[in-house]
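Below is data15.cif, holding mmCIF, N, CA and C atoms.
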data_run
loop_
_atom_site.label_atom_id
_atom_site.label_comp_id
_atom_site.auth_asym_id
_atom_site.auth_seq_id
_atom_site.Cartn_x
_atom_site.Cartn_y
_atom_site.Cartn_z
N MET A 1 -66.22 241.64 -36.44
CA MET A 1 -66.29 240.31 -35.88
C MET A 1 -64.99 240.01 -35.14
N SER A 2 -65.08 239.42 -33.99
CA SER A 2 -63.90 239.08 -33.21
C SER A 2 -63.25 237.81 -33.75
N GLU A 3 -62.02 237.57 -33.35
CA GLU A 3 -61.28 236.40 -33.78
C GLU A 3 -61.66 235.20 -32.92
N PRO A 4 -61.78 234.01 -33.53
CA PRO A 4 -62.05 232.82 -32.74
C PRO A 4 -60.80 232.40 -31.97
N ASP A 5 -60.98 231.61 -30.92
CA ASP A 5 -59.85 231.04 -30.19
C ASP A 5 -59.16 230.01 -31.07
N VAL A 6 -57.85 229.89 -30.91
CA VAL A 6 -57.09 228.86 -31.62
C VAL A 6 -57.14 227.61 -30.75
N ALA A 7 -57.81 226.58 -31.23
CA ALA A 7 -57.93 225.34 -30.46
C ALA A 7 -56.65 224.51 -30.54
N ASP A 8 -55.96 224.57 -31.68
CA ASP A 8 -54.71 223.85 -31.87
C ASP A 8 -54.02 224.43 -33.10
N THR A 9 -52.73 224.21 -33.21
CA THR A 9 -51.99 224.71 -34.37
C THR A 9 -51.70 223.60 -35.37
N ARG A 10 -52.44 222.50 -35.25
CA ARG A 10 -52.37 221.39 -36.19
C ARG A 10 -53.79 220.98 -36.55
N PRO A 11 -54.00 220.48 -37.74
CA PRO A 11 -55.34 220.01 -38.09
C PRO A 11 -55.69 218.73 -37.32
N VAL A 12 -56.98 218.46 -37.22
CA VAL A 12 -57.46 217.21 -36.64
C VAL A 12 -57.73 216.28 -37.81
N VAL A 13 -56.97 215.19 -37.88
CA VAL A 13 -57.10 214.25 -38.99
C VAL A 13 -57.89 213.04 -38.48
N LEU A 14 -58.99 212.76 -39.17
CA LEU A 14 -59.82 211.63 -38.76
C LEU A 14 -60.65 211.11 -39.90
N GLU A 15 -61.14 209.89 -39.73
CA GLU A 15 -62.00 209.28 -40.73
C GLU A 15 -63.44 209.47 -40.29
N LEU A 16 -64.25 210.00 -41.20
CA LEU A 16 -65.65 210.26 -40.89
C LEU A 16 -66.57 209.37 -41.70
N GLU A 17 -67.62 208.92 -41.05
CA GLU A 17 -68.68 208.15 -41.70
C GLU A 17 -69.63 209.14 -42.39
N PRO A 18 -70.42 208.68 -43.35
CA PRO A 18 -71.41 209.55 -43.97
C PRO A 18 -72.36 210.13 -42.92
N GLY A 19 -72.71 211.39 -43.10
CA GLY A 19 -73.62 212.06 -42.19
C GLY A 19 -73.36 213.55 -42.16
N THR A 20 -74.07 214.24 -41.27
CA THR A 20 -73.91 215.68 -41.09
C THR A 20 -73.17 215.94 -39.79
N TYR A 21 -72.21 216.83 -39.86
CA TYR A 21 -71.38 217.19 -38.72
C TYR A 21 -71.42 218.70 -38.53
N TYR A 22 -71.07 219.15 -37.34
CA TYR A 22 -71.07 220.57 -37.02
C TYR A 22 -69.68 220.95 -36.52
N TRP A 23 -68.96 221.70 -37.36
CA TRP A 23 -67.60 222.12 -37.08
C TRP A 23 -67.62 223.36 -36.19
N CYS A 24 -66.82 223.33 -35.14
CA CYS A 24 -66.70 224.46 -34.22
C CYS A 24 -66.00 225.62 -34.92
N ARG A 25 -66.62 226.78 -34.91
CA ARG A 25 -66.00 228.00 -35.48
C ARG A 25 -65.40 228.89 -34.41
N CYS A 26 -65.84 228.75 -33.16
CA CYS A 26 -65.40 229.66 -32.10
C CYS A 26 -64.06 229.25 -31.48
N GLY A 27 -63.71 227.97 -31.56
CA GLY A 27 -62.48 227.48 -30.98
C GLY A 27 -62.59 227.10 -29.51
N ARG A 28 -63.76 227.26 -28.91
CA ARG A 28 -63.95 227.00 -27.48
C ARG A 28 -64.38 225.58 -27.15
N SER A 29 -64.86 224.84 -28.13
CA SER A 29 -65.41 223.51 -27.89
C SER A 29 -64.38 222.57 -27.27
N LYS A 30 -64.80 221.77 -26.33
CA LYS A 30 -63.95 220.74 -25.73
C LYS A 30 -63.99 219.47 -26.58
N GLU A 31 -64.82 219.45 -27.62
CA GLU A 31 -64.98 218.30 -28.51
C GLU A 31 -64.38 218.58 -29.88
N GLN A 32 -63.29 219.33 -29.95
CA GLN A 32 -62.68 219.72 -31.22
C GLN A 32 -62.49 218.53 -32.13
N PRO A 33 -62.76 218.72 -33.40
CA PRO A 33 -63.08 219.95 -34.10
C PRO A 33 -64.58 220.23 -34.18
N PHE A 34 -65.36 219.47 -33.42
CA PHE A 34 -66.81 219.58 -33.50
C PHE A 34 -67.39 220.50 -32.42
N CYS A 35 -68.55 221.03 -32.70
CA CYS A 35 -69.23 221.94 -31.78
C CYS A 35 -69.81 221.20 -30.58
N ASP A 36 -69.66 221.79 -29.40
CA ASP A 36 -70.29 221.26 -28.19
C ASP A 36 -71.21 222.30 -27.54
N GLY A 37 -71.48 223.40 -28.26
CA GLY A 37 -72.36 224.45 -27.75
C GLY A 37 -71.64 225.55 -27.00
N SER A 38 -70.31 225.49 -26.92
CA SER A 38 -69.54 226.49 -26.18
C SER A 38 -69.60 227.88 -26.80
N HIS A 39 -70.13 227.99 -28.00
CA HIS A 39 -70.24 229.29 -28.67
C HIS A 39 -71.39 230.13 -28.11
N GLN A 40 -72.24 229.54 -27.28
CA GLN A 40 -73.39 230.27 -26.74
C GLN A 40 -72.92 231.58 -26.10
N GLY A 41 -73.57 232.66 -26.45
CA GLY A 41 -73.22 233.98 -25.94
C GLY A 41 -72.15 234.68 -26.75
N THR A 42 -71.71 234.06 -27.85
CA THR A 42 -70.72 234.69 -28.74
C THR A 42 -71.40 234.98 -30.07
N GLU A 43 -70.67 235.57 -30.97
CA GLU A 43 -71.19 235.84 -32.31
C GLU A 43 -70.99 234.67 -33.26
N PHE A 44 -70.38 233.59 -32.79
CA PHE A 44 -70.06 232.45 -33.63
C PHE A 44 -71.18 231.41 -33.64
N GLU A 45 -71.30 230.74 -34.77
CA GLU A 45 -72.24 229.63 -34.96
C GLU A 45 -71.46 228.48 -35.59
N PRO A 46 -71.81 227.25 -35.29
CA PRO A 46 -71.11 226.12 -35.93
C PRO A 46 -71.41 226.06 -37.42
N LEU A 47 -70.53 225.42 -38.15
CA LEU A 47 -70.70 225.23 -39.59
C LEU A 47 -71.11 223.78 -39.84
N ALA A 48 -72.29 223.59 -40.40
CA ALA A 48 -72.76 222.25 -40.75
C ALA A 48 -72.11 221.84 -42.07
N PHE A 49 -71.63 220.59 -42.11
CA PHE A 49 -71.12 220.05 -43.36
C PHE A 49 -71.52 218.58 -43.45
N THR A 50 -71.66 218.13 -44.68
CA THR A 50 -72.14 216.76 -44.92
C THR A 50 -71.05 215.93 -45.58
N VAL A 51 -70.89 214.74 -45.07
CA VAL A 51 -69.95 213.77 -45.62
C VAL A 51 -70.79 212.75 -46.39
N ALA A 52 -70.49 212.57 -47.67
CA ALA A 52 -71.27 211.67 -48.52
C ALA A 52 -70.78 210.23 -48.46
N ALA A 53 -69.47 210.05 -48.29
CA ALA A 53 -68.89 208.71 -48.25
C ALA A 53 -67.78 208.69 -47.22
N LYS A 54 -67.59 207.56 -46.59
CA LYS A 54 -66.55 207.41 -45.57
C LYS A 54 -65.19 207.74 -46.18
N ARG A 55 -64.48 208.66 -45.51
CA ARG A 55 -63.11 209.00 -45.94
C ARG A 55 -62.39 209.78 -44.87
N ARG A 56 -61.12 210.00 -45.08
CA ARG A 56 -60.26 210.69 -44.13
C ARG A 56 -60.26 212.19 -44.45
N PHE A 57 -60.33 213.00 -43.39
CA PHE A 57 -60.34 214.45 -43.52
C PHE A 57 -59.31 215.08 -42.59
N ALA A 58 -58.81 216.24 -42.98
CA ALA A 58 -57.98 217.08 -42.12
C ALA A 58 -58.83 218.32 -41.84
N LEU A 59 -59.38 218.39 -40.62
CA LEU A 59 -60.26 219.50 -40.25
C LEU A 59 -59.47 220.55 -39.49
N CYS A 60 -59.75 221.80 -39.80
CA CYS A 60 -59.04 222.93 -39.21
C CYS A 60 -59.30 223.03 -37.70
N ALA A 61 -58.24 223.24 -36.94
CA ALA A 61 -58.36 223.46 -35.50
C ALA A 61 -57.90 224.86 -35.11
N CYS A 62 -57.20 225.55 -36.02
CA CYS A 62 -56.75 226.91 -35.68
C CYS A 62 -57.85 227.94 -35.91
N LYS A 63 -58.87 227.55 -36.65
CA LYS A 63 -60.05 228.38 -36.93
C LYS A 63 -59.73 229.57 -37.84
N ARG A 64 -58.62 229.50 -38.58
CA ARG A 64 -58.24 230.57 -39.49
C ARG A 64 -58.34 230.17 -40.96
N THR A 65 -58.81 228.95 -41.23
CA THR A 65 -58.92 228.47 -42.60
C THR A 65 -59.88 229.33 -43.42
N ALA A 66 -59.60 229.44 -44.69
CA ALA A 66 -60.52 230.11 -45.62
C ALA A 66 -61.45 229.09 -46.27
N ASP A 67 -61.27 227.81 -45.92
CA ASP A 67 -62.03 226.73 -46.53
C ASP A 67 -62.67 225.83 -45.47
N GLY A 68 -63.22 226.45 -44.41
CA GLY A 68 -63.81 225.69 -43.32
C GLY A 68 -64.84 224.69 -43.79
N PRO A 69 -64.83 223.53 -43.20
CA PRO A 69 -64.11 223.10 -42.01
C PRO A 69 -62.73 222.51 -42.31
N TYR A 70 -62.32 222.54 -43.56
CA TYR A 70 -61.10 221.85 -43.97
C TYR A 70 -59.85 222.69 -43.74
N CYS A 71 -58.77 222.03 -43.36
CA CYS A 71 -57.50 222.71 -43.14
C CYS A 71 -56.95 223.19 -44.48
N ASP A 72 -56.49 224.44 -44.53
CA ASP A 72 -55.86 224.97 -45.74
C ASP A 72 -54.42 225.42 -45.46
N GLY A 73 -53.89 225.04 -44.28
CA GLY A 73 -52.52 225.39 -43.94
C GLY A 73 -52.39 226.73 -43.23
N ALA A 74 -53.48 227.39 -42.92
CA ALA A 74 -53.43 228.70 -42.26
C ALA A 74 -52.70 228.65 -40.92
N HIS A 75 -52.69 227.49 -40.27
CA HIS A 75 -52.02 227.36 -38.97
C HIS A 75 -50.51 227.60 -39.07
N LYS A 76 -49.95 227.44 -40.26
CA LYS A 76 -48.52 227.64 -40.45
C LYS A 76 -48.13 229.10 -40.34
N LYS A 77 -49.12 230.00 -40.41
CA LYS A 77 -48.86 231.45 -40.34
C LYS A 77 -49.06 232.01 -38.93
N LEU A 78 -49.42 231.15 -37.99
CA LEU A 78 -49.66 231.62 -36.61
C LEU A 78 -48.37 231.68 -35.83
#

Show me, as structure tokens, the structure contained in the file I just sent.
Amino acid sequence: MSEPDVADTRPVVLELEPGTYYWCRCGRSKEQPFCDGSHQGTEFEPLAFTVAAKRRFALCACKRTADGPYCDGAHKKL
């Protein structure tokens, strides 16, 4: 499997409402950290995740997290 593009070296911190979201795994999306379909033609697929209650999240933008879609600090090693 090839490496995804690094969209940013900092997490995207935002407050999300309850619902289902699609986290970009390829790093190509212009709507980071969410998928915009830019993965088409690659081996990457977005990761669906569900938010049960409104709260603040730090979502990975470097695409190297072991706990996608959440930031685990992997960007500090880039």

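Nearest-residue note for A:Pro18: choosing from A:Val51, A:Cys60, A:Lys77, A:Cys71, the minimum distance belongs to A:Val51, counting only C-alpha atoms.
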
Notebook entry, point to check: Of the candidates A:Pro11, A:Ala61, A:Ser2, A:Glu43, which shows the shortest atom-to-atom distance to A:Lys30, using only C-alpha atoms?
Noted result: A:Ala61

Item checked: Result set, the PyMOL selection byres ((chain A and resi 4) around 8) on current file, as a list in words -> Met1, Ser2, Glu3, Asp5, Val6, Ala7, Arg25, Cys26, Gly27, Arg28, Cys62, Lys63 and Arg64 of chain A

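Going from atom CA of A:Asp36 to atom CA of A:Tyr21 covers 11.3 Å.
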
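The nearest approach to A:Thr20 among the residues A:Glu45, A:Thr50, A:Asp8, A:Pro33, with all atoms listed in the file taken into account, belongs to A:Thr50.
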
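Proximity of A:Ala58, A:Gly41, A:Ala53, A:Thr65 to A:Leu14, computed with only C-alpha atoms, is greatest for A:Ala58.
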
Check: When DSSP works through the backbone of this structure, what residues of stretch 1-49 of chain A end up as strand (DSSP E), shown as a count of residues only?
Finding: 13

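Between atom N of A:Leu16 and atom C of A:Phe57 the interatomic distance comes to 7.2 Å.
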
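Atom to atom, atom C of A:Gly37 and atom C of A:Cys24 stand 9.7 Å apart.
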
Notebook entry, point to check: Got a sec to resolve the PyMOL selection byres (((chain A and resi 22 and name CA) around 6) and name CA) on this structure and send the residues as a ChimeraX atom specification?
Noted result: /A:21,23,34-35,46-48

With 4 Å of padding per side, what axis-aligned box (centre and edge lengths, Å, one decimal) covers all the listed atoms of stretch 3-22 of chain A? Give it as AutoDock Vina command-line options.
--center_x -62.9 --center_y 222.9 --center_z -37.1 --size_x 30.4 --size_y 37.4 --size_z 21.8

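When only N, CA and C atoms are used to measure the gap to A:Arg55, the shortest distance among A:His39, A:Ser29, A:Glu15, A:Leu78 belongs to A:Glu15.
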